[in-house]
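Novice: For reference, this is structure08.pdb, and it has PDB, C-alpha atoms (C1' of nucleotides).
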ATOM      1  CA  MET A   7       0.000   0.000   0.000
ATOM      2  CA  THR A   8       1.306   3.426  -0.878
ATOM      3  CA  THR A   9       0.807   6.099   1.741
ATOM      4  CA  PRO A  10      -1.449   8.881   0.511
ATOM      5  CA  GLN A  11      -0.888  12.515   1.342
ATOM      6  CA  LEU A  12      -1.589  12.954   5.020
ATOM      7  CA  THR A  13      -4.273  15.346   6.160
ATOM      8  CA  LYS A  14      -3.551  18.125   8.607
ATOM      9  CA  ASN A  15      -4.494  16.146  11.687
ATOM     10  CA  GLN A  16      -2.764  13.027  10.474
ATOM     11  CA  SER A  17       0.433  14.987   9.871
ATOM     12  CA  LEU A  18       0.292  16.567  13.290
ATOM     13  CA  VAL A  19      -0.146  13.229  15.015
ATOM     14  CA  PHE A  20       2.515  11.568  12.897
ATOM     15  CA  ASP A  21       5.016  14.349  13.582
ATOM     16  CA  VAL A  22       4.486  14.036  17.305
ATOM     17  CA  LEU A  23       5.119  10.302  17.126
ATOM     18  CA  GLU A  24       8.177  10.705  14.925
ATOM     19  CA  LYS A  25       9.754  13.196  17.263
ATOM     20  CA  ALA A  26       8.963  11.204  20.380
ATOM     21  CA  GLU A  27      11.637   9.156  22.091
ATOM     22  CA  GLY A  28       9.290   6.264  22.613
ATOM     23  CA  PRO A  29       5.689   5.160  22.346
ATOM     24  CA  LEU A  30       2.948   7.590  23.313
ATOM     25  CA  SER A  31      -0.603   7.054  24.456
ATOM     26  CA  ALA A  32      -3.413   8.692  22.523
ATOM     27  CA  TYR A  33      -4.048  11.064  25.401
ATOM     28  CA  THR A  34      -0.401  12.067  25.603
ATOM     29  CA  ILE A  35      -0.519  12.887  21.912
ATOM     30  CA  LEU A  36      -3.672  14.888  22.527
ATOM     31  CA  ASP A  37      -1.938  16.941  25.205
ATOM     32  CA  LYS A  38       0.997  17.640  22.926
ATOM     33  CA  LEU A  39      -1.358  18.912  20.249
ATOM     34  CA  ARG A  40      -3.573  21.181  22.348
ATOM     35  CA  ASP A  41      -1.559  24.146  21.144
ATOM     36  CA  HIS A  42      -2.364  23.142  17.604
ATOM     37  CA  GLY A  43      -6.065  23.175  18.272
ATOM     38  CA  PHE A  44      -6.734  19.621  19.327
ATOM     39  CA  ARG A  45      -9.522  19.435  21.880
ATOM     40  CA  ALA A  46     -10.871  15.888  21.907
ATOM     41  CA  PRO A  47      -9.500  12.325  21.916
ATOM     42  CA  LEU A  48     -11.349  11.500  18.752
ATOM     43  CA  GLN A  49      -9.164  13.830  16.768
ATOM     44  CA  VAL A  50      -6.213  11.720  17.786
ATOM     45  CA  TYR A  51      -7.892   8.327  17.411
ATOM     46  CA  ARG A  52      -9.158   9.169  13.962
ATOM     47  CA  ALA A  53      -5.741  10.209  12.779
ATOM     48  CA  LEU A  54      -4.154   7.140  14.352
ATOM     49  CA  GLU A  55      -6.644   4.874  12.643
ATOM     50  CA  LYS A  56      -5.519   6.102   9.248
ATOM     51  CA  LEU A  57      -1.844   6.097  10.130
ATOM     52  CA  LEU A  58      -2.148   2.490  11.295
ATOM     53  CA  GLU A  59      -3.947   1.625   8.091
ATOM     54  CA  TYR A  60      -1.143   3.194   6.041
ATOM     55  CA  GLY A  61       1.380   1.233   8.057
ATOM     56  CA  VAL A  62       3.387   4.262   9.145
ATOM     57  CA  VAL A  63       2.436   3.867  12.801
ATOM     58  CA  HIS A  64       2.199   0.782  15.001
ATOM     59  CA  ARG A  65       0.009   0.137  17.961
ATOM     60  CA  LEU A  66       1.578  -1.536  20.973
ATOM     61  CA  GLU A  67      -1.269  -3.555  22.385
ATOM     62  CA  SER A  68       0.364  -4.423  25.656
ATOM     63  CA  ILE A  69       0.902  -0.820  26.673
ATOM     64  CA  ASN A  70      -1.960   0.909  24.845
ATOM     65  CA  SER A  71       0.440   3.141  23.000
ATOM     66  CA  PHE A  72       1.568   4.067  19.538
ATOM     67  CA  VAL A  73       4.925   4.447  17.792
ATOM     68  CA  ALA A  74       6.046   5.671  14.405
ATOM     69  CA  CYS A  75       7.261   2.825  12.241
ATOM     70  CA  ALA A  76      11.011   2.446  12.487
ATOM     71  CA  HIS A  77      11.525   1.970   8.747
ATOM     72  CA  PRO A  78      12.229   5.329   7.226
ATOM     73  CA  GLY A  79      10.420   6.042   4.000
ATOM     74  CA  ASP A  80       9.422   2.482   3.376
ATOM     75  CA  ASN A  81       6.144   1.169   4.672
ATOM     76  CA  CYS A  82       5.856  -1.763   6.994
ATOM     77  CA  HIS A  83       3.180  -3.895   5.489
ATOM     78  CA  SER A  84       5.620  -5.526   3.136
ATOM     79  CA  HIS A  85       7.791  -6.920   5.906
ATOM     80  CA  GLY A  86       5.417  -9.496   7.301
ATOM     81  CA  ILE A  87       4.843  -9.642  11.006
ATOM     82  CA  VAL A  88       6.451  -6.881  13.009
ATOM     83  CA  ALA A  89       7.768  -7.662  16.464
ATOM     84  CA  PHE A  90       8.626  -5.271  19.263
ATOM     85  CA  ALA A  91      10.861  -5.309  22.281
ATOM     86  CA  ILE A  92       9.642  -2.780  24.805
ATOM     87  CA  CYS A  93      11.785  -1.647  27.720
ATOM     88  CA  GLU A  94       9.593  -1.313  30.784
ATOM     89  CA  SER A  95      12.111   0.955  32.421
ATOM     90  CA  CYS A  96      13.039   3.589  29.828
ATOM     91  CA  GLY A  97      10.146   3.014  27.424
ATOM     92  CA  GLN A  98      12.404   2.530  24.433
ATOM     93  CA  VAL A  99      11.030   0.302  21.703
ATOM     94  CA  MET A 100      12.952  -1.819  19.242
ATOM     95  CA  GLU A 101      11.140  -2.987  16.160
ATOM     96  CA  PHE A 102      12.234  -6.050  14.246
ATOM     97  CA  HIS A 103      11.164  -8.727  11.826
ATOM     98  CA  ASP A 104      12.009 -12.378  11.791
ATOM     99  CA  HIS A 105      11.109 -14.306   8.756
ATOM    100  CA  GLU A 106      11.400 -17.647  10.454
ATOM    101  CA  VAL A 107       8.999 -16.583  13.211
ATOM    102  CA  ASP A 108       6.512 -15.469  10.563
ATOM    103  CA  HIS A 109       6.974 -18.746   8.789
ATOM    104  CA  ARG A 110       6.335 -20.845  11.899
ATOM    105  CA  LEU A 111       3.299 -18.875  12.990
ATOM    106  CA  MET A 112       1.781 -18.860   9.539
ATOM    107  CA  GLY A 113       2.478 -22.584   9.268
ATOM    108  CA  TRP A 114       0.557 -23.252  12.445
ATOM    109  CA  VAL A 115      -2.240 -20.993  11.295
ATOM    110  CA  ARG A 116      -2.501 -22.808   7.980
ATOM    111  CA  GLY A 117      -2.715 -26.120   9.769
ATOM    112  CA  GLN A 118      -5.715 -24.836  11.704
ATOM    113  CA  LYS A 119      -7.281 -23.233   8.666
ATOM    114  CA  PHE A 120      -7.278 -20.062  10.693
ATOM    115  CA  LYS A 121      -7.356 -16.858   8.647
ATOM    116  CA  PRO A 122      -5.036 -14.289  10.271
ATOM    117  CA  GLU A 123      -5.763 -10.593  10.004
ATOM    118  CA  LYS A 124      -3.412  -8.936  12.438
ATOM    119  CA  THR A 125      -0.620 -10.418  14.505
ATOM    120  CA  THR A 126       0.961  -8.967  17.601
ATOM    121  CA  ILE A 127       4.360  -9.896  18.962
ATOM    122  CA  GLU A 128       5.553  -7.840  21.904
ATOM    123  CA  ILE A 129       8.378  -8.633  24.271
ATOM    124  CA  ARG A 130       8.352  -6.589  27.439
ATOM    125  CA  GLY A 131      11.458  -6.480  29.579
ATOM    126  CA  LEU A 132      14.590  -4.440  30.112
ATOM    127  CA  CYS A 133      16.864  -3.066  27.436
ATOM    128  CA  GLU A 134      20.601  -3.522  27.708
ATOM    129  CA  ALA A 135      21.156  -0.130  29.309
ATOM    130  CA  CYS A 136      18.374  -0.524  31.879
ATOM    131  CA  ALA A 137      19.208  -4.120  32.760
ATOM    132  CA  ALA A 138      22.765  -3.225  33.704
TER     133      ALA A 138
ATOM    134  CA  MET B  14       5.690 -22.678  40.219
ATOM    135  CA  THR B  15       3.130 -24.801  42.000
ATOM    136  CA  THR B  16      -0.319 -23.299  42.276
ATOM    137  CA  PRO B  17      -1.288 -22.682  45.897
ATOM    138  CA  GLN B  18      -4.784 -23.242  47.224
ATOM    139  CA  LEU B  19      -6.961 -20.575  45.707
ATOM    140  CA  THR B  20      -8.818 -18.162  47.945
ATOM    141  CA  LYS B  21     -12.577 -17.759  47.721
ATOM    142  CA  ASN B  22     -12.486 -14.872  45.261
ATOM    143  CA  GLN B  23      -9.758 -16.454  43.193
ATOM    144  CA  SER B  24     -11.781 -19.662  42.906
ATOM    145  CA  LEU B  25     -14.901 -17.815  41.896
ATOM    146  CA  VAL B  26     -13.092 -15.909  39.167
ATOM    147  CA  PHE B  27     -11.267 -18.986  37.962
ATOM    148  CA  ASP B  28     -14.473 -21.017  37.789
ATOM    149  CA  VAL B  29     -16.161 -18.364  35.710
ATOM    150  CA  LEU B  30     -13.250 -18.369  33.260
ATOM    151  CA  GLU B  31     -13.111 -22.163  33.088
ATOM    152  CA  LYS B  32     -16.786 -22.439  32.296
ATOM    153  CA  ALA B  33     -16.722 -19.648  29.738
ATOM    154  CA  GLU B  34     -16.704 -20.433  26.035
ATOM    155  CA  GLY B  35     -14.128 -17.807  25.329
ATOM    156  CA  PRO B  36     -12.209 -14.927  26.845
ATOM    157  CA  LEU B  37     -13.975 -12.578  29.238
ATOM    158  CA  SER B  38     -13.298  -9.000  30.220
ATOM    159  CA  ALA B  39     -12.835  -8.163  33.882
ATOM    160  CA  TYR B  40     -16.160  -6.355  33.924
ATOM    161  CA  THR B  41     -17.975  -9.294  32.372
ATOM    162  CA  ILE B  42     -16.551 -11.484  35.110
ATOM    163  CA  LEU B  43     -17.688  -8.941  37.661
ATOM    164  CA  ASP B  44     -21.240  -9.076  36.316
ATOM    165  CA  LYS B  45     -21.258 -12.871  36.442
ATOM    166  CA  LEU B  46     -20.214 -12.770  40.076
ATOM    167  CA  ARG B  47     -22.610 -10.148  41.408
ATOM    168  CA  ASP B  48     -24.802 -12.938  42.718
ATOM    169  CA  HIS B  49     -21.843 -14.215  44.684
ATOM    170  CA  GLY B  50     -21.316 -10.900  46.377
ATOM    171  CA  PHE B  51     -18.919  -9.169  44.028
ATOM    172  CA  ARG B  52     -19.501  -5.429  43.981
ATOM    173  CA  ALA B  53     -16.358  -3.775  42.619
ATOM    174  CA  PRO B  54     -13.869  -4.269  39.772
ATOM    175  CA  LEU B  55     -10.999  -4.506  42.174
ATOM    176  CA  GLN B  56     -12.292  -7.796  43.507
ATOM    177  CA  VAL B  57     -11.916  -9.209  40.021
ATOM    178  CA  TYR B  58      -8.620  -7.559  39.192
ATOM    179  CA  ARG B  59      -7.060  -8.707  42.445
ATOM    180  CA  ALA B  60      -8.071 -12.293  41.837
ATOM    181  CA  LEU B  61      -6.895 -12.123  38.221
ATOM    182  CA  GLU B  62      -3.545 -10.778  39.298
ATOM    183  CA  LYS B  63      -2.928 -13.865  41.377
ATOM    184  CA  LEU B  64      -4.310 -16.273  38.800
ATOM    185  CA  LEU B  65      -2.016 -14.762  36.181
ATOM    186  CA  GLU B  66       0.881 -15.070  38.572
ATOM    187  CA  TYR B  67       0.087 -18.752  39.135
ATOM    188  CA  GLY B  68      -0.088 -19.243  35.379
ATOM    189  CA  VAL B  69      -3.608 -20.692  35.393
ATOM    190  CA  VAL B  70      -5.066 -17.744  33.533
ATOM    191  CA  HIS B  71      -3.775 -15.747  30.559
ATOM    192  CA  ARG B  72      -4.349 -12.178  29.645
ATOM    193  CA  LEU B  73      -5.088 -11.373  26.009
ATOM    194  CA  GLU B  74      -3.566  -7.934  25.586
ATOM    195  CA  SER B  75      -5.113  -7.161  22.252
ATOM    196  CA  ILE B  76      -8.670  -7.594  23.485
ATOM    197  CA  ASN B  77      -8.341  -6.689  27.169
ATOM    198  CA  SER B  78      -9.661 -10.051  28.201
ATOM    199  CA  PHE B  79      -8.745 -13.133  30.167
ATOM    200  CA  VAL B  80      -8.914 -16.881  29.539
ATOM    201  CA  ALA B  81      -8.295 -19.956  31.632
ATOM    202  CA  CYS B  82      -5.128 -21.735  30.560
ATOM    203  CA  ALA B  83      -5.893 -24.504  28.086
ATOM    204  CA  HIS B  84      -3.570 -27.016  29.719
ATOM    205  CA  PRO B  85      -5.564 -29.036  32.197
ATOM    206  CA  GLY B  86      -3.892 -29.612  35.517
ATOM    207  CA  ASP B  87      -0.484 -28.576  34.344
ATOM    208  CA  ASN B  88       0.623 -25.001  34.650
ATOM    209  CA  CYS B  89       1.775 -22.933  31.742
ATOM    210  CA  HIS B  90       4.960 -21.356  32.865
ATOM    211  CA  SER B  91       6.958 -24.413  31.910
ATOM    212  CA  HIS B  92       5.983 -24.273  28.257
ATOM    213  CA  GLY B  93       7.840 -21.171  27.227
ATOM    214  CA  ILE B  94       6.049 -18.503  25.288
ATOM    215  CA  VAL B  95       2.331 -19.047  24.846
ATOM    216  CA  ALA B  96       0.703 -17.931  21.619
ATOM    217  CA  PHE B  97      -2.960 -17.358  20.902
ATOM    218  CA  ALA B  98      -5.163 -17.355  17.847
ATOM    219  CA  ILE B  99      -8.261 -15.312  18.531
ATOM    220  CA  CYS B 100     -11.304 -15.460  16.293
ATOM    221  CA  GLU B 101     -12.711 -11.969  15.905
ATOM    222  CA  SER B 102     -16.057 -13.353  14.872
ATOM    223  CA  CYS B 103     -16.940 -16.035  17.424
ATOM    224  CA  GLY B 104     -14.434 -15.086  20.107
ATOM    225  CA  GLN B 105     -12.959 -18.555  20.317
ATOM    226  CA  VAL B 106      -9.324 -18.731  21.397
ATOM    227  CA  MET B 107      -6.751 -21.361  20.524
ATOM    228  CA  GLU B 108      -3.669 -21.545  22.662
ATOM    229  CA  PHE B 109      -0.457 -23.041  21.387
ATOM    230  CA  HIS B 110       3.292 -23.193  21.811
ATOM    231  CA  ASP B 111       5.998 -23.290  19.224
ATOM    232  CA  HIS B 112       9.447 -24.035  20.366
ATOM    233  CA  GLU B 113      11.065 -22.725  17.237
ATOM    234  CA  VAL B 114       9.300 -19.376  17.589
ATOM    235  CA  ASP B 115      10.506 -19.136  21.183
ATOM    236  CA  HIS B 116      13.971 -20.012  20.039
ATOM    237  CA  ARG B 117      14.063 -17.347  17.336
ATOM    238  CA  LEU B 118      12.659 -14.622  19.532
ATOM    239  CA  MET B 119      14.947 -15.452  22.423
ATOM    240  CA  GLY B 120      17.860 -15.563  20.004
ATOM    241  CA  TRP B 121      17.108 -12.063  18.804
ATOM    242  CA  VAL B 122      16.673 -10.874  22.350
ATOM    243  CA  ARG B 123      20.000 -12.328  23.387
ATOM    244  CA  GLY B 124      21.690 -10.586  20.496
ATOM    245  CA  GLN B 125      20.342  -7.270  21.768
ATOM    246  CA  LYS B 126      21.172  -8.085  25.378
ATOM    247  CA  PHE B 127      17.522  -7.396  26.067
ATOM    248  CA  LYS B 128      16.135  -9.032  29.193
ATOM    249  CA  PRO B 129      12.639 -10.337  28.461
ATOM    250  CA  GLU B 130      10.038 -10.508  31.199
ATOM    251  CA  LYS B 131       6.775 -11.228  29.450
ATOM    252  CA  THR B 132       6.096 -11.980  25.814
ATOM    253  CA  THR B 133       2.829 -11.653  23.986
ATOM    254  CA  ILE B 134       1.947 -13.405  20.731
ATOM    255  CA  GLU B 135      -1.601 -12.949  19.554
ATOM    256  CA  ILE B 136      -3.001 -13.674  16.112
ATOM    257  CA  ARG B 137      -6.370 -12.115  15.465
ATOM    258  CA  GLY B 138      -8.429 -13.316  12.551
ATOM    259  CA  LEU B 139     -11.128 -15.813  11.680
ATOM    260  CA  CYS B 140     -11.297 -19.421  12.788
ATOM    261  CA  GLU B 141     -12.027 -22.144  10.273
ATOM    262  CA  ALA B 142     -15.758 -22.168  11.011
ATOM    263  CA  CYS B 143     -16.144 -18.401  10.817
ATOM    264  CA  ALA B 144     -13.983 -17.965   7.725
ATOM    265  CA  ALA B 145     -16.124 -20.371   5.722
TER     266      ALA B 145
ATOM    267  C1'  DG C  16     -23.783  26.918 -11.307
ATOM    268  C1'  DC C  17     -25.395  23.745  -7.874
ATOM    269  C1'  DA C  18     -27.236  19.531  -5.682
ATOM    270  C1'  DA C  19     -25.227  15.201  -4.166
ATOM    271  C1'  DT C  20     -21.710  12.629  -2.358
ATOM    272  C1'  DT C  21     -17.599  11.636   0.184
ATOM    273  C1'  DG C  22     -14.118  12.206   3.530
ATOM    274  C1'  DA C  23     -12.267  15.064   7.161
ATOM    275  C1'  DT C  24     -13.192  17.577  11.180
ATOM    276  C1'  DG C  25     -15.315  19.472  15.640
ATOM    277  C1'  DT C  26     -17.731  18.658  19.983
ATOM    278  C1'  DA C  27     -20.135  16.528  23.794
ATOM    279  C1'  DA C  28     -21.244  12.712  26.102
ATOM    280  C1'  DT C  29     -20.521   8.222  27.524
ATOM    281  C1'  DA C  30     -18.658   3.534  27.685
ATOM    282  C1'  DA C  31     -15.012   0.380  28.864
ATOM    283  C1'  DC C  32     -10.883  -0.738  31.276
ATOM    284  C1'  DA C  33      -7.912  -0.219  35.388
ATOM    285  C1'  DT C  34      -5.942   1.538  39.776
ATOM    286  C1'  DA C  35      -5.341   4.450  44.196
ATOM    287  C1'  DA C  36      -6.402   5.028  48.768
ATOM    288  C1'  DC C  37      -8.107   3.610  52.825
ATOM    289  C1'  DA C  38     -10.735   0.606  56.063
ATOM    290  C1'  DT C  39     -11.680  -3.953  57.851
ATOM    291  C1'  DC C  40     -11.198  -8.715  58.734
ATOM    292  C1'  DT C  41      -8.962 -13.185  59.506
ATOM    293  C1'  DG C  42      -5.492 -16.455  60.590
ATOM    294  C1'  DC C  43      -1.154 -17.181  62.394
ATOM    295  C1'  DA C  44       3.087 -16.530  64.822
ATOM    296  C1'  DA C  45       5.993 -14.181  68.317
TER     297       DA C  45
ATOM    298  C1'  DT D  15      -2.736 -10.661  73.072
ATOM    299  C1'  DT D  16      -0.246  -8.302  70.217
ATOM    300  C1'  DG D  17       1.561  -7.717  65.892
ATOM    301  C1'  DC D  18       1.843  -8.946  61.260
ATOM    302  C1'  DA D  19       0.639 -10.419  56.610
ATOM    303  C1'  DG D  20      -2.620 -11.419  53.288
ATOM    304  C1'  DA D  21      -7.221 -11.191  51.672
ATOM    305  C1'  DT D  22     -11.238  -8.530  51.256
ATOM    306  C1'  DG D  23     -14.623  -4.545  50.967
ATOM    307  C1'  DT D  24     -15.732   0.112  49.382
ATOM    308  C1'  DT D  25     -15.418   4.611  47.303
ATOM    309  C1'  DA D  26     -13.489   7.376  44.291
ATOM    310  C1'  DT D  27     -10.797   8.355  40.530
ATOM    311  C1'  DG D  28      -7.749   7.790  36.572
ATOM    312  C1'  DT D  29      -7.014   6.148  31.859
ATOM    313  C1'  DT D  30      -8.317   4.449  27.359
ATOM    314  C1'  DA D  31     -11.693   4.295  23.594
ATOM    315  C1'  DT D  32     -16.138   4.922  21.189
ATOM    316  C1'  DT D  33     -20.956   6.672  19.982
ATOM    317  C1'  DA D  34     -23.687  10.101  18.198
ATOM    318  C1'  DC D  35     -24.406  14.030  15.925
ATOM    319  C1'  DA D  36     -23.168  18.491  13.614
ATOM    320  C1'  DT D  37     -20.296  20.967  10.341
ATOM    321  C1'  DC D  38     -17.090  21.817   6.676
ATOM    322  C1'  DA D  39     -14.415  21.269   2.345
ATOM    323  C1'  DA D  40     -13.363  19.126  -2.023
ATOM    324  C1'  DT D  41     -15.143  16.523  -5.906
ATOM    325  C1'  DT D  42     -18.369  14.820  -9.142
ATOM    326  C1'  DG D  43     -22.201  14.614 -12.174
ATOM    327  C1'  DC D  44     -26.032  17.087 -13.781
TER     328       DC D  44
END
For the file at hand, write its structure as structure tokens.
Specialist:
Amino acid sequence: MTTPQLTKNQSLVFDVLEKAEGPLSAYTILDKLRDHGFRAPLQVYRALEKLLEYGVVHRLESINSFVACAHPGDNCHSHGIVAFAICESCGQVMEFHDHEVDHRLMGWVRGQKFKPEKTTIEIRGLCEACAA
Amino acid sequence: MTTPQLTKNQSLVFDVLEKAEGPLSAYTILDKLRDHGFRAPLQVYRALEKLLEYGVVHRLESINSFVACAHPGDNCHSHGIVAFAICESCGQVMEFHDHEVDHRLMGWVRGQKFKPEKTTIEIRGLCEACAA
DNA sequence: GCAATTGATGTAATAACATAACATCTGCAA
DNA sequence: TTGCAGATGTTATGTTATTACATCAATTGC
């Protein structure tokens, strides 16, 4: 999927996520955009919905937060399943792909005749710096 | 970890989850236990916290719900990472393990010197019956 | 031009999920 | 019998997400 031109609100939300050090909750994004006229959560959620659809933002299910995709320029949908390692201390997120993991999961799924739509892989723990 | 004797509230919550067809939200559990004296969400969340700790219940992050572990008798912590396939139509959940997936993810993690605490793998989609 | 449609936006209200803070109770051990 | 730890009860509140409805702007077909 090619990413269409972002609307004003989508751009604002995306910029906030891009500039952030780590994942942000929808309400944190809202607060950061009050100066730009944002008043209600829906403005954020609507923008996020599109950004997720375009694959330029990911949702971290286990912490109810959102991050900009780590792959500059390129969009993520072509990479198969995206996995995340989330540091519970500093909040840093590492995004990665593993073809073999995809392969195994999709193999299992095929065996069950299950039709996958969206797969979440999130590893919570401590990053190297925080574990030290 | 061996599962200690459950307390009254823990048993009530666990029984509800065991008898359920699929995953339940904390508030759904609360409603099912009003007749047994439950009045507040915290009674459910406190029981769930322990049941999760004992490994007899799993939390599905992507749908904010809880299921009894599918492994009768045995507890889950010994099986490595647990993965779930969740049908978005009928709500049915399949729980499975894949050693190779564990191996790949833990390999990546080791390479990053990341210290994993809790890993989530959830595949949302349609089960065989619902996809037909 | 100007309806009709479509997609984006604004706003208020509410629903759904989760925790903080504090009080009480119960069983057990010093 | 006192003190402690763990479980429980209760109220209030915090956090995340959606419903419902109104408005606005750009595009299309007439």
Novice: Just the number, please: distance in Å from atom CA of A:Ser31 to atom CA of B:Thr41, one decimal.
Specialist: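 That distance, rounded to one decimal, is 25.1 Å.
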Novice: Contacts between chain B and chain C, please, where a residue of chain C counts if it comes within 12 Å (with only C-alpha atoms (C1' of nucleotides)); show its shortest atom pair and distance in Å to one decimal, rows by chain and ascending number, as a Markdown table.
Specialist:
| residue | atom | partner | partner_atom | distance |
| --- | --- | --- | --- | --- |
| C:DA30 | C1' | B:Tyr40 | CA | 12.0 |
| C:DA31 | C1' | B:Tyr40 | CA | 8.5 |
| C:DC32 | C1' | B:Asn77 | CA | 7.7 |
| C:DA33 | C1' | B:Tyr58 | CA | 8.3 |
| C:DT34 | C1' | B:Leu55 | CA | 8.2 |
| C:DA35 | C1' | B:Leu55 | CA | 10.8 |
Novice: Please produce a file of the residues just selected, as an mmCIF file, in the frame of the given file, where the atoms kept are C-alpha atoms (C1' of nucleotides).
Specialist:
data_model
loop_
_atom_site.group_PDB
_atom_site.id
_atom_site.type_symbol
_atom_site.label_atom_id
_atom_site.label_comp_id
_atom_site.auth_asym_id
_atom_site.auth_seq_id
_atom_site.Cartn_x
_atom_site.Cartn_y
_atom_site.Cartn_z
ATOM 1 C "C1'" DA C 30 -18.658 3.534 27.685
ATOM 2 C "C1'" DA C 31 -15.012 0.380 28.864
ATOM 3 C "C1'" DC C 32 -10.883 -0.738 31.276
ATOM 4 C "C1'" DA C 33 -7.912 -0.219 35.388
ATOM 5 C "C1'" DT C 34 -5.942 1.538 39.776
ATOM 6 C "C1'" DA C 35 -5.341 4.450 44.196
#
Novice: Grab the atom CA of A:Asn15 to atom CA of A:Arg40 distance for me, in Å with one decimal place.
Specialist: 11.8 Å
Novice: Could you list, as a PyMOL selection string, the residues of chain D having an atom within 12 Å of chain B when counting only C-alpha atoms (C1' of nucleotides)?
Specialist: chain D and resi 20-26+30
Novice: Running the PyMOL selection byres ((chain B) within 7 of (chain A)) on this model by hand, what would come out? Give it as a list of chain:residue names.
Specialist: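 Taken on the displayed file, the PyMOL selection byres ((chain B) within 7 of (chain A)) yields the residues B:Glu74, B:Ser75, B:Val114, B:Arg117, B:Lys126, B:Phe127, B:Lys128, B:Pro129, B:Glu130, B:Lys131, B:Thr132, B:Thr133, B:Ile134, B:Glu135, B:Ile136, B:Arg137, B:Gly138, B:Leu139, B:Cys140, B:Glu141, B:Ala144.
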Novice: Report the residues retrieved by the PyMOL selection byres ((chain C and resi 16) around 12) from the displayed file, expressed as a PyMOL selection string.
Specialist: (chain C and resi 17-18) or (chain D and resi 44)
Novice: Output stretch 116-128 of chain B as a CSV table (one decimal), in the coordinates of the input, making sure N, CA, C and O atoms are there.
Specialist:
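Below you can see rebuild.csv, which holds the result:
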chain,number,residue,atom,x,y,z
B,116,HIS,N,12.5,-20.0,20.3
B,116,HIS,CA,14.0,-20.0,20.0
B,116,HIS,C,14.4,-18.8,19.2
B,116,HIS,O,15.4,-18.1,19.6
B,117,ARG,N,13.7,-18.5,18.2
B,117,ARG,CA,14.1,-17.3,17.3
B,117,ARG,C,13.9,-16.0,18.1
B,117,ARG,O,14.8,-15.2,18.0
B,118,LEU,N,12.9,-15.9,18.8
B,118,LEU,CA,12.7,-14.6,19.5
B,118,LEU,C,13.7,-14.5,20.6
B,118,LEU,O,14.3,-13.4,20.8
B,119,MET,N,14.0,-15.5,21.3
B,119,MET,CA,14.9,-15.5,22.4
B,119,MET,C,16.4,-15.3,21.9
B,119,MET,O,17.2,-14.6,22.5
B,120,GLY,N,16.6,-15.8,20.7
B,120,GLY,CA,17.9,-15.6,20.0
B,120,GLY,C,18.1,-14.1,19.7
B,120,GLY,O,19.1,-13.5,20.0
B,121,TRP,N,17.0,-13.5,19.1
B,121,TRP,CA,17.1,-12.1,18.8
B,121,TRP,C,17.4,-11.2,20.1
B,121,TRP,O,18.2,-10.4,20.1
B,122,VAL,N,16.6,-11.6,21.1
B,122,VAL,CA,16.7,-10.9,22.4
B,122,VAL,C,18.1,-11.0,22.9
B,122,VAL,O,18.6,-10.0,23.4
B,123,ARG,N,18.7,-12.1,22.8
B,123,ARG,CA,20.0,-12.3,23.4
B,123,ARG,C,21.0,-11.5,22.6
B,123,ARG,O,21.9,-10.8,23.2
B,124,GLY,N,20.8,-11.4,21.3
B,124,GLY,CA,21.7,-10.6,20.5
B,124,GLY,C,21.6,-9.1,20.9
B,124,GLY,O,22.6,-8.4,20.8
B,125,GLN,N,20.5,-8.7,21.4
B,125,GLN,CA,20.3,-7.3,21.8
B,125,GLN,C,20.7,-7.1,23.2
B,125,GLN,O,20.5,-5.9,23.7
B,126,LYS,N,21.0,-8.1,23.9
B,126,LYS,CA,21.2,-8.1,25.4
B,126,LYS,C,19.9,-7.5,26.1
B,126,LYS,O,20.0,-6.8,27.1
B,127,PHE,N,18.8,-7.8,25.5
B,127,PHE,CA,17.5,-7.4,26.1
B,127,PHE,C,17.1,-8.5,27.0
B,127,PHE,O,17.3,-9.7,26.8
B,128,LYS,N,16.5,-8.1,28.2
B,128,LYS,CA,16.1,-9.0,29.2
B,128,LYS,C,14.6,-9.2,29.2
B,128,LYS,O,13.9,-8.3,29.8
